[in-house]
Amino acid sequence: MRRFALELQGYRVDEAESLSRISDVLANGNPDLLVIGVDPVDAVSGDLIREVRWRPGLGSLPILLVGENQYADQWDLSVVGNCAWLNKPYHMGELPRLIESLIGTVALSGN
């Protein structure tokens with residue numbers, strides 16, 4: 001659903017199901033935003049954020065963390081930097097507002 005909603009807004013979306021695939025996507029592209037589904041039972045989201053922040057040129061890449069509200073307290077967003085939290089469940093209308101606040105622009109259809 002997230003992918004569909006973002007594509008309708010004119011964003012190009014690359015999905016990755018593993019940390020190595022995410023590394024490939026980051027190495028081969030110049031993303032404007034990283035959306036991470038936070039799963040509290042695995043550490044991949046934390047590993048990914050550390051890798052992104054340490055990678056040259058991606059230290060300030062905007063990150064949108066998506067997860068259940070009860071897990072938001074586990075993240076110190078001020079330490080992550082340039083980051084926002086989207087509580088699950090959420091309304092699809094919240095995505096464009098949060099994305100705009102992170103990247104400062106709104107995608108136009110057809111881009």
# chains A, B, ... in the order shown; residues from 1 in each chain; ligands from 1
>>> residues_around(residues="region 25-37 of chain A", least_positions_apart="5", cutoff="12 Å", atoms="only C-alpha atoms", output="VMD selection string")
chain A and resid 2 to 3 6 11 to 20 42 to 49 51 to 53 55 to 68 71 to 72 82 to 88 95 98 to 107
>>> select_by_dssp(residues="chain A", states="strand (DSSP E)", output="compact mmCIF listing (two decimals) with C-alpha atoms, in the first residue's frame")
# COMPACT_ATOMS: atom_id res chain seq x y z
CA LEU A 34 14.54 6.27 3.02
CA VAL A 35 11.40 4.67 4.47
CA ILE A 36 12.09 1.94 7.01
CA GLY A 37 9.49 -0.37 8.49
CA ILE A 63 14.55 8.81 7.02
CA LEU A 64 10.92 8.00 7.74
CA LEU A 65 10.51 5.26 10.34
CA VAL A 66 7.18 3.45 10.23
CA GLY A 67 6.12 1.37 13.21
CA GLU A 68 3.73 0.85 16.05
CA CYS A 83 14.17 11.67 10.76
CA ALA A 84 10.44 11.35 11.50
CA TRP A 85 8.23 8.64 12.96
CA LEU A 86 4.93 7.50 11.42
CA ASN A 87 2.71 5.54 13.79
CA LYS A 88 1.01 2.39 12.56
>>> atom_distance(atom1="CA of Met92 (chain A)", atom2="CA of Leu77 (chain A)")
22.0 Å
>>> atom_distance(atom1="CA of Tyr90 (chain A)", atom2="CA of Asp39 (chain A)")
15.9 Å
>>> select_by_dssp(residues="region 58-87 of chain A", states="alpha helix (DSSP H)", output="count of residues only")
4
